[in-house]
Each structure stands twice: as structure tokens, then as C-alpha cells.
>>> print(open('target-v7.tsv').read())   # TSV, C-alpha atoms
chain	number	residue	atom	x	y	z
A	1494	MET	CA	93.34	72.35	99.48
A	1495	PHE	CA	90.63	73.12	96.95
A	1496	PRO	CA	89.35	70.47	94.60
A	1497	VAL	CA	90.50	70.55	90.99
A	1498	ASN	CA	87.74	72.54	89.30
A	1499	GLU	CA	88.81	74.68	86.40
A	1500	LYS	CA	85.62	75.13	84.42
A	1501	LYS	CA	83.63	77.23	86.89
A	1502	PHE	CA	84.68	80.84	87.27
A	1503	SER	CA	86.05	81.33	90.72
A	1504	ILE	CA	86.65	84.72	92.29
A	1505	GLY	CA	88.86	82.98	94.87
A	1506	ALA	CA	91.19	81.67	92.16
A	1507	PHE	CA	91.55	85.14	90.64
A	1508	VAL	CA	92.25	86.60	94.09
A	1509	LEU	CA	94.94	83.91	94.57
A	1510	LEU	CA	96.38	84.82	91.17
A	1511	GLN	CA	96.48	88.52	92.09
A	1512	ILE	CA	98.23	87.70	95.38
A	1513	ALA	CA	100.79	85.61	93.44
A	1514	LEU	CA	101.39	88.42	90.94
A	1515	PHE	CA	101.68	90.99	93.73
A	1516	ILE	CA	104.23	88.83	95.58
A	1517	VAL	CA	106.33	88.15	92.47
A	1518	SER	CA	106.36	91.88	91.64
A	1519	LEU	CA	108.06	92.44	95.00
A	1520	GLY	CA	110.62	89.86	93.84
A	1521	ALA	CA	111.65	92.24	91.06
A	1522	VAL	CA	112.17	94.96	93.71
A	1523	CYS	CA	114.39	92.59	95.74
A	1524	SER	CA	116.30	91.62	92.58
A	1525	LYS	CA	116.99	95.27	91.75
A	1526	MET	CA	117.88	96.05	95.37
A	1527	ALA	CA	120.29	93.07	95.45
A	1528	GLY	CA	121.90	94.30	92.24
A	1529	ARG	CA	122.56	97.68	93.91
A	1530	GLN	CA	124.42	96.15	96.87
A	1531	GLU	CA	128.05	95.16	97.04
A	1532	PHE	CA	128.36	91.59	95.72
A	1533	LEU	CA	128.34	88.98	98.55
A	1534	SER	CA	127.73	91.67	101.22
A	1535	VAL	CA	125.22	91.11	104.05
A	1536	LYS	CA	122.66	93.38	102.35
A	1537	PHE	CA	123.16	91.50	99.07
A	1538	PHE	CA	122.32	88.20	100.79
A	1539	VAL	CA	119.30	89.74	102.56
A	1540	PHE	CA	117.74	90.92	99.29
A	1541	TYR	CA	118.82	87.87	97.29
A	1542	GLY	CA	117.47	85.59	100.04
A	1543	ALA	CA	114.18	87.52	100.01
A	1544	LEU	CA	114.03	87.06	96.22
A	1545	ILE	CA	114.53	83.29	96.51
A	1546	LEU	CA	111.85	83.11	99.25
A	1547	ILE	CA	109.42	85.15	97.12
A	1548	LEU	CA	110.00	82.93	94.07
A	1549	PHE	CA	109.45	79.84	96.23
A	1550	VAL	CA	106.11	81.17	97.55
A	1551	TYR	CA	105.15	82.27	94.02
A	1552	ALA	CA	105.87	78.78	92.63
A	1553	ILE	CA	103.56	77.23	95.23
A	1554	LEU	CA	100.77	79.75	94.56
A	1555	TRP	CA	101.18	79.51	90.77
A	1556	GLN	CA	100.66	75.73	90.88
A	1557	GLN	CA	97.44	76.26	92.89
A	1558	VAL	CA	96.29	78.92	90.39
A	1559	LEU	CA	96.93	76.58	87.44
A	1560	LYS	CA	94.72	74.01	89.15
A	1561	ARG	CA	91.74	76.35	88.94
A	1562	ILE	CA	92.28	78.69	85.99
A	1563	SER	CA	93.07	78.09	82.34
A	1564	LEU	CA	96.79	78.63	81.64
A	1565	VAL	CA	95.98	81.11	78.84
A	1566	ILE	CA	93.97	83.29	81.26
A	1567	ALA	CA	96.49	83.01	84.10
A	1568	TYR	CA	99.37	83.86	81.77
A	1569	ALA	CA	97.49	86.83	80.32
A	1570	CYS	CA	96.97	88.19	83.84
A	1571	LYS	CA	100.75	88.24	84.30
A	1572	GLY	CA	100.63	91.41	82.17
A	1573	ILE	CA	99.32	93.18	85.28
A	1574	GLY	CA	102.93	92.99	86.52
A	1575	ILE	CA	103.59	96.10	84.43
A	1576	ILE	CA	101.26	98.10	86.72
A	1577	TYR	CA	103.10	96.88	89.82
A	1578	GLY	CA	106.38	97.70	88.06
A	1579	ILE	CA	105.25	101.32	87.63
A	1580	ILE	CA	104.04	101.58	91.24
A	1581	TRP	CA	107.23	100.05	92.76
A	1582	GLY	CA	109.37	102.13	90.38
A	1583	ILE	CA	107.83	105.31	91.84
A	1584	VAL	CA	107.70	104.12	95.47
A	1585	PHE	CA	111.11	102.46	95.87
A	1586	PHE	CA	113.33	103.86	93.13
A	1587	LYS	CA	111.81	107.31	92.40
A	1588	GLU	CA	111.78	106.40	88.71
A	1589	GLU	CA	110.33	108.75	86.14
A	1590	ILE	CA	107.04	107.65	84.62
A	1591	THR	CA	106.33	108.64	81.01
A	1592	TRP	CA	103.03	108.90	79.15
A	1593	LYS	CA	104.14	105.98	76.93
A	1594	MET	CA	104.48	103.80	80.01
A	1595	ILE	CA	101.01	104.78	81.22
A	1596	ALA	CA	99.50	104.26	77.73
A	1597	GLY	CA	101.19	100.84	77.49
A	1598	ALA	CA	99.96	99.84	80.94
A	1599	VAL	CA	96.39	100.90	80.08
A	1600	LEU	CA	96.49	98.77	76.89
A	1601	VAL	CA	97.77	95.78	78.89
A	1602	LEU	CA	94.95	96.26	81.42
A	1603	ILE	CA	92.37	96.39	78.61
A	1604	GLY	CA	93.86	93.17	77.16
A	1605	VAL	CA	93.68	91.39	80.51
A	1606	TYR	CA	90.12	92.67	81.02
A	1607	ILE	CA	89.10	91.27	77.62
A	1608	PHE	CA	90.52	87.88	78.66
A	1609	ILE	CA	88.84	87.85	82.09
A	1610	PHE	CA	85.52	89.18	80.77
A	1611	GLY	CA	85.47	86.34	78.22
A	1612	GLU	CA	86.18	83.83	80.99
A	1613	ILE	CA	83.33	85.16	83.19
A	1614	LYS	CA	80.89	85.04	80.27
A	1615	GLU	CA	81.97	81.50	79.35
A	1616	SER	CA	81.70	80.39	82.97
A	1617	LYS	CA	78.17	81.84	83.36
A	1618	LYS	CA	77.16	79.98	80.19
A	1619	ASN	CA	78.61	76.72	81.56
A	1620	ASN	CA	76.82	77.21	84.90
A	1621	MET	CA	73.50	77.88	83.13
A	1622	ASP	CA	74.01	74.78	80.96
A	1623	GLU	CA	74.74	72.70	84.08
A	1624	GLU	CA	71.68	74.05	85.91
A	1625	SER	CA	69.38	73.38	82.96
A	1626	GLY	CA	70.90	69.87	82.78
A	1627	HIS	CA	70.05	69.27	86.47
A	1628	ASN	CA	66.50	70.60	86.05
A	1629	ALA	CA	65.84	68.43	82.99
B	50	MET	CA	122.39	90.17	66.80
B	51	LEU	CA	119.91	87.90	64.95
B	52	LYS	CA	121.53	84.88	66.60
B	53	PHE	CA	120.89	86.32	70.08
B	54	ILE	CA	117.30	87.26	69.18
B	55	LEU	CA	116.70	83.66	68.06
B	56	ILE	CA	118.22	82.31	71.31
B	57	PHE	CA	115.95	84.68	73.27
B	58	LEU	CA	112.87	83.49	71.37
B	59	ILE	CA	113.89	79.84	71.94
B	60	SER	CA	114.31	80.62	75.64
B	61	VAL	CA	110.78	82.11	75.83
B	62	PHE	CA	109.47	79.10	73.91
B	63	ILE	CA	110.96	76.46	76.22
B	64	SER	CA	109.73	78.48	79.20
B	65	SER	CA	106.22	78.34	77.67
B	66	VAL	CA	106.60	74.57	77.23
B	67	ALA	CA	107.49	74.36	80.95
B	68	GLN	CA	104.23	76.21	81.75
B	69	ILE	CA	102.31	73.56	79.79
B	70	ILE	CA	104.05	70.81	81.79
B	71	LEU	CA	103.17	72.62	85.05
B	72	LYS	CA	99.55	72.91	83.93
B	73	LYS	CA	99.45	69.19	83.04
B	74	SER	CA	100.75	68.43	86.51
B	75	ALA	CA	98.34	70.87	88.21
B	76	VAL	CA	95.20	69.23	86.82
B	77	LYS	CA	96.33	65.75	87.85
B	78	LYS	CA	95.11	64.37	91.17
B	79	TYR	CA	97.76	63.39	93.70
B	80	ASP	CA	97.65	61.46	96.99
B	81	SER	CA	99.17	64.29	99.01
B	82	VAL	CA	100.02	67.99	98.75
B	83	ILE	CA	103.75	67.19	98.81
B	84	ARG	CA	103.30	64.95	95.76
B	85	GLU	CA	101.62	67.87	93.96
B	86	TYR	CA	104.97	69.64	93.99
B	87	LEU	CA	107.52	66.84	94.23
B	88	ASN	CA	106.79	64.94	91.04
B	89	VAL	CA	108.63	64.42	87.75
B	90	ARG	CA	106.56	66.99	85.84
B	91	VAL	CA	106.96	69.88	88.29
B	92	ILE	CA	110.66	69.20	88.88
B	93	GLY	CA	111.18	68.79	85.11
B	94	ALA	CA	109.31	72.05	84.41
B	95	TYR	CA	111.37	74.03	86.91
B	96	SER	CA	114.57	72.49	85.47
B	97	ILE	CA	113.47	73.83	82.07
B	98	PHE	CA	112.84	77.25	83.67
B	99	ILE	CA	116.43	77.24	84.95
B	100	LEU	CA	117.69	76.35	81.44
B	101	SER	CA	115.52	79.14	80.07
B	102	THR	CA	116.99	81.72	82.47
B	103	LEU	CA	120.52	80.64	81.46
B	104	LEU	CA	119.62	81.01	77.77
B	105	THR	CA	118.06	84.42	78.46
B	106	MET	CA	121.18	85.55	80.32
B	107	TYR	CA	123.32	84.48	77.34
B	108	ALA	CA	120.92	86.14	74.87
B	109	TYR	CA	121.13	89.42	76.83
B	110	THR	CA	124.85	89.60	75.98
B	111	GLY	CA	123.77	90.49	72.43
B	112	VAL	CA	120.28	91.93	72.92
B	113	PRO	CA	119.45	95.32	74.53
B	114	LEU	CA	117.28	95.20	77.67
B	115	THR	CA	114.43	97.10	75.99
B	116	LEU	CA	114.30	94.62	73.10
B	117	GLY	CA	114.47	91.74	75.59
B	118	THR	CA	111.29	92.91	77.32
B	119	LEU	CA	109.56	92.98	73.92
B	120	LEU	CA	110.82	89.52	72.98
B	121	GLU	CA	109.44	88.18	76.27
B	122	ALA	CA	105.99	89.16	74.97
B	123	ALA	CA	106.34	86.24	72.52
B	124	GLY	CA	105.04	84.17	75.44
B	125	TYR	CA	101.59	85.67	74.79
B	126	ILE	CA	101.68	84.02	71.35
B	127	TYR	CA	103.36	80.74	72.33
B	128	ILE	CA	101.13	79.98	75.35
B	129	PRO	CA	97.71	80.10	73.56
B	130	LEU	CA	99.14	78.08	70.66
B	131	LEU	CA	100.68	75.43	72.94
B	132	CYS	CA	97.45	75.30	75.00
B	133	PHE	CA	95.52	74.75	71.78
B	134	PHE	CA	97.76	71.90	70.59
B	135	PHE	CA	98.60	70.15	73.88
B	136	LEU	CA	95.75	71.02	76.28
B	137	LYS	CA	93.00	71.18	73.64
B	138	GLU	CA	91.94	74.60	74.92
B	139	LYS	CA	89.86	76.70	72.58
B	140	ILE	CA	91.29	79.93	71.23
B	141	SER	CA	88.44	82.43	71.11
B	142	PRO	CA	88.49	85.71	69.14
B	143	ARG	CA	88.46	87.43	72.58
B	144	MET	CA	91.72	85.72	73.50
B	145	VAL	CA	93.34	86.83	70.22
B	146	LEU	CA	92.10	90.39	70.79
B	147	GLY	CA	93.25	90.34	74.43
B	148	SER	CA	96.71	89.07	73.39
B	149	LEU	CA	97.01	91.80	70.76
B	150	PHE	CA	96.20	94.50	73.33
B	151	ILE	CA	98.73	93.07	75.81
B	152	ILE	CA	101.49	92.79	73.16
B	153	CYS	CA	100.78	96.34	71.87
B	154	GLY	CA	100.77	97.60	75.47
B	155	ILE	CA	104.16	96.04	76.18
B	156	ILE	CA	105.60	97.45	72.92
B	157	ILE	CA	104.31	100.99	73.65
B	158	TYR	CA	105.51	100.72	77.29
B	159	ASN	CA	109.04	99.99	76.05
B	160	LEU	CA	109.18	102.53	73.20
>>> encode(input="target-v7.tsv", output="C-alpha cells")
Amino acid sequence: MFPVNEKKFSIGAFVLLQIALFIVSLGAVCSKMAGRQEFLSVKFFVFYGALILILFVYAILWQQVLKRISLVIAYACKGIGIIYGIIWGIVFFKEEITWKMIAGAVLVLIGVYIFIFGEIKESKKNNMDEESGHNA
Amino acid sequence: MLKFILIFLISVFISSVAQIILKKSAVKKYDSVIREYLNVRVIGAYSIFILSTLLTMYAYTGVPLTLGTLLEAAGYIYIPLLCFFFLKEKISPRMVLGSLFIICGIIIYNL
């Protein structure tokens, strides 16, 4: 396990967050797949079981992410789920993608980028402050 | 319909409160990894999440799915505010701008 260290920007923590968001997006696929099956059928239990497993793994990862990243930043990154939603909609359900959906997704990405960019800048400033403190 | 919208917003709010409790638990040091997950805060937070899902399910009986997705975006307002009041996190102009972009994106996505 990593030590609790939220202030420094960590690429590893953001990678962990992306893995968590990727996994939970597959949960939505399982949920939709389960909803398409006959209630209480074998296939229903397979997809519903997969959903429960995914949510369990996500809960573990999310707690580790919260240890290292500010909740505001981590929560903002959840918006990326929209992108996965579009991709899985095309891949698994052959859903139609509209320009509004793409425009919305682009705006969400810009919003998340603004959050993360601010975090990187703040972190660099903190690191420089720490280094100058050590040198003094 | 207003009643169901209010229930939906309350559901998103208590879910945001649960996130704050999870965060409080995440930054605390524990003796073992198991204790990181099996403690009052984490169990309490996930109990609140379950309550929130039940409230959301009830709210969806009177709220269309498209509106529901928009109401969920209220989390992007609740979370920074709760972090400011309970975790003493700073709210920078960048965060406000980022939130606005995300909320606008979700609204346009669901139009």
C-alpha cells in the first residue's frame, strides 16, 4: 500500500483513478446487459454478478484514489465516464451517437482538463516551495 | 413532479455527504488494510449510498431518465461546497470554471 500523501501530484494516483473509472464504466454495460435478460435467468445472474464484482473492485480502488487525490478532483474526473459511455454504446449496443453527445463530451473533457491542469500547477508550486524550504 | 425532483436532489446530496465520509476515512491511518475498509465510516458511507440508490429509484418514478442524468450533475456543485466546509479544501476559480464546463457538457449531452 502507498503512504497517505495527497498534496504531491502523483501520476500513479491518476492512473489508478482512470483504471477505476474504466472498470466502473463496464459495470454500466453489465447493468444494461442484465436488464435485457429474462429476470432470474442464468444470463441475468451472470451479468448481475459481474456488476456486483465490478462495483466491489471499484469501491476498493476508489478508497485508494481518495487517499491520494483531493475529492473535488477525483469527483470531477468521474465526468470522463461519459466518454466511456459513448464508446461502449457504439461497441456493445450499436447506439446512435449525435453531435450533441460529442459536443457535451468535449465540454466535459475540457472541464476535467481544467481541474487536472490546476492540480498539476498547484502541485509543482508545492514541490518548489518544499525544495526551497529544504535548501534554506 | 417537483416533489420527485426534490427527492432526487436530496438523494444526490446524501450521496455527496457519503463521499465526504469516505474521504475522511481514506486520509486516516489504520493498523491494517482490512481496517481501511472495515470501519464505521466506510460501512456508514456505503449504507448511505444504498439509501441514496433507493431514493433515486423512487424519484425516477416521477422524473424522466434524461432529467435524472441532469439532476445527478448537482453532485458537481455539492462536492466542492461540502469539501470547502468539511475538509477545508480551497475552491479555486479553476475549479468553478471546470465544474461549469462539466455541468454544461452533461446538459448538452442530454439535450
>>> axis_aligned_box(input="target-v7.tsv", around="stretch 1541-1556 of chain A", padding_each_side="5 Å", output="AutoDock Vina command-line options")
--center_x 109.7 --center_y 81.8 --center_z 95.4 --size_x 28.2 --size_y 22.1 --size_z 19.3
>>> atom_distance(input="target-v7.tsv", atom1="atom CA of B:Val76", atom2="atom CA of A:Tyr1606")
24.7 Å
>>> interface_residues(input="target-v7.tsv", of="chain B", to="chain A", cutoff="10 Å", atoms="all atoms listed in the file", output="ChimeraX atom specification")
/B:65,68-69,71-78,81-82,85-86,91,95,122,124-133,136,138-160
>>> closest_residue(input="target-v7.tsv", among="A:Ala1513, A:Gly1574, A:Phe1586, A:Trp1581", to="A:Arg1529", atoms="all atoms listed in the file")
A:Phe1586
>>> atom_distance(input="target-v7.tsv", atom1="atom CA of B:Ile97", atom2="atom CA of B:Ser64")
6.6 Å
>>> atom_distance(input="target-v7.tsv", atom1="atom CA of A:Ala1543", atom2="atom CA of B:Ala123")
28.6 Å
>>> closest_residue(input="target-v7.tsv", among="B:Ile70, B:Leu120, B:Leu87, B:Ala94", to="B:Ile54", atoms="only C-alpha atoms")
B:Leu120
>>> residues_around(input="target-v7.tsv", residues="A:Tyr1541", least_positions_apart="5", cutoff="12 Å", atoms="all atoms listed in the file", output="ChimeraX atom specification")
/A:1519-1536,1546-1548
>>> write_last_selection(input="target-v7.tsv", atoms="C-alpha atoms", output="compact mmCIF listing (two decimals), in the coordinates of the input")
# COMPACT_ATOMS: atom_id res chain seq x y z
CA LEU A 1519 108.06 92.44 95.00
CA GLY A 1520 110.62 89.86 93.84
CA ALA A 1521 111.65 92.24 91.06
CA VAL A 1522 112.17 94.96 93.71
CA CYS A 1523 114.39 92.59 95.74
CA SER A 1524 116.30 91.62 92.58
CA LYS A 1525 116.99 95.27 91.75
CA MET A 1526 117.88 96.05 95.37
CA ALA A 1527 120.29 93.07 95.45
CA GLY A 1528 121.90 94.30 92.24
CA ARG A 1529 122.56 97.68 93.91
CA GLN A 1530 124.42 96.15 96.87
CA GLU A 1531 128.05 95.16 97.04
CA PHE A 1532 128.36 91.59 95.72
CA LEU A 1533 128.34 88.98 98.55
CA SER A 1534 127.73 91.67 101.22
CA VAL A 1535 125.22 91.11 104.05
CA LYS A 1536 122.66 93.38 102.35
CA LEU A 1546 111.85 83.11 99.25
CA ILE A 1547 109.42 85.15 97.12
CA LEU A 1548 110.00 82.93 94.07
>>> residues_around(input="target-v7.tsv", residues="B:Leu51", least_positions_apart="3", cutoff="12 Å", atoms="only C-alpha atoms", output="list of chain:residue names")
B:Ile54, B:Leu55, B:Ile56, B:Phe57, B:Leu58, B:Ala108, B:Gly111, B:Val112, B:Leu116
>>> residues_around(input="target-v7.tsv", residues="B:Phe98", least_positions_apart="5", cutoff="10 Å", atoms="all atoms listed in the file", output="MDAnalysis selection string")
chainID B and resid 60:61 63:68 92:93 103:104
>>> closest_residue(input="target-v7.tsv", among="A:Val1517, A:Lys1614, A:Ile1590, A:Phe1585", to="A:Tyr1551", atoms="all atoms listed in the file")
A:Val1517
>>> decode(input="target-v7.tsv", residues="stretch 98-114 of chain B", atoms="N, CA and C atoms", output="PDB file, in the first residue's frame")
ATOM      1  N   PHE B  98     -24.953   5.286   0.687  1.00  0.00           N
ATOM      2  CA  PHE B  98     -25.056   5.092  -0.772  1.00  0.00           C
ATOM      3  C   PHE B  98     -26.269   4.221  -1.114  1.00  0.00           C
ATOM      4  N   ILE B  99     -26.467   3.177  -0.300  1.00  0.00           N
ATOM      5  CA  ILE B  99     -27.614   2.277  -0.551  1.00  0.00           C
ATOM      6  C   ILE B  99     -28.917   3.067  -0.391  1.00  0.00           C
ATOM      7  N   LEU B 100     -28.994   3.880   0.680  1.00  0.00           N
ATOM      8  CA  LEU B 100     -30.182   4.717   0.903  1.00  0.00           C
ATOM      9  C   LEU B 100     -30.391   5.661  -0.289  1.00  0.00           C
ATOM     10  N   SER B 101     -29.269   6.204  -0.770  1.00  0.00           N
ATOM     11  CA  SER B 101     -29.336   7.129  -1.899  1.00  0.00           C
ATOM     12  C   SER B 101     -29.886   6.435  -3.154  1.00  0.00           C
ATOM     13  N   THR B 102     -29.430   5.196  -3.410  1.00  0.00           N
ATOM     14  CA  THR B 102     -29.920   4.487  -4.599  1.00  0.00           C
ATOM     15  C   THR B 102     -31.421   4.209  -4.473  1.00  0.00           C
ATOM     16  N   LEU B 103     -31.876   3.912  -3.235  1.00  0.00           N
ATOM     17  CA  LEU B 103     -33.312   3.652  -3.036  1.00  0.00           C
ATOM     18  C   LEU B 103     -34.111   4.930  -3.300  1.00  0.00           C
ATOM     19  N   LEU B 104     -33.591   6.063  -2.790  1.00  0.00           N
ATOM     20  CA  LEU B 104     -34.263   7.346  -3.014  1.00  0.00           C
ATOM     21  C   LEU B 104     -34.305   7.674  -4.508  1.00  0.00           C
ATOM     22  N   THR B 105     -33.171   7.411  -5.197  1.00  0.00           N
ATOM     23  CA  THR B 105     -33.101   7.696  -6.635  1.00  0.00           C
ATOM     24  C   THR B 105     -34.119   6.846  -7.392  1.00  0.00           C
ATOM     25  N   MET B 106     -34.191   5.565  -7.015  1.00  0.00           N
ATOM     26  CA  MET B 106     -35.156   4.670  -7.664  1.00  0.00           C
ATOM     27  C   MET B 106     -36.577   5.211  -7.497  1.00  0.00           C
ATOM     28  N   TYR B 107     -36.891   5.669  -6.276  1.00  0.00           N
ATOM     29  CA  TYR B 107     -38.226   6.219  -6.002  1.00  0.00           C
ATOM     30  C   TYR B 107     -38.443   7.504  -6.818  1.00  0.00           C
ATOM     31  N   ALA B 108     -37.394   8.355  -6.838  1.00  0.00           N
ATOM     32  CA  ALA B 108     -37.506   9.627  -7.566  1.00  0.00           C
ATOM     33  C   ALA B 108     -37.749   9.390  -9.056  1.00  0.00           C
ATOM     34  N   TYR B 109     -37.131   8.309  -9.604  1.00  0.00           N
ATOM     35  CA  TYR B 109     -37.290   8.019 -11.037  1.00  0.00           C
ATOM     36  C   TYR B 109     -38.719   7.636 -11.402  1.00  0.00           C
ATOM     37  N   THR B 110     -39.564   7.341 -10.391  1.00  0.00           N
ATOM     38  CA  THR B 110     -40.968   7.034 -10.714  1.00  0.00           C
ATOM     39  C   THR B 110     -41.700   8.294 -11.184  1.00  0.00           C
ATOM     40  N   GLY B 111     -41.132   9.473 -10.837  1.00  0.00           N
ATOM     41  CA  GLY B 111     -41.778  10.716 -11.250  1.00  0.00           C
ATOM     42  C   GLY B 111     -40.892  11.645 -12.050  1.00  0.00           C
ATOM     43  N   VAL B 112     -39.675  11.177 -12.364  1.00  0.00           N
ATOM     44  CA  VAL B 112     -38.716  12.021 -13.100  1.00  0.00           C
ATOM     45  C   VAL B 112     -38.252  11.259 -14.348  1.00  0.00           C
ATOM     46  N   PRO B 113     -38.274  11.903 -15.542  1.00  0.00           N
ATOM     47  CA  PRO B 113     -37.766  11.209 -16.737  1.00  0.00           C
ATOM     48  C   PRO B 113     -36.266  10.930 -16.632  1.00  0.00           C
ATOM     49  N   LEU B 114     -35.824   9.871 -17.314  1.00  0.00           N
ATOM     50  CA  LEU B 114     -34.416   9.460 -17.246  1.00  0.00           C
ATOM     51  C   LEU B 114     -33.466  10.589 -17.647  1.00  0.00           C
TER      52      LEU B 114
END
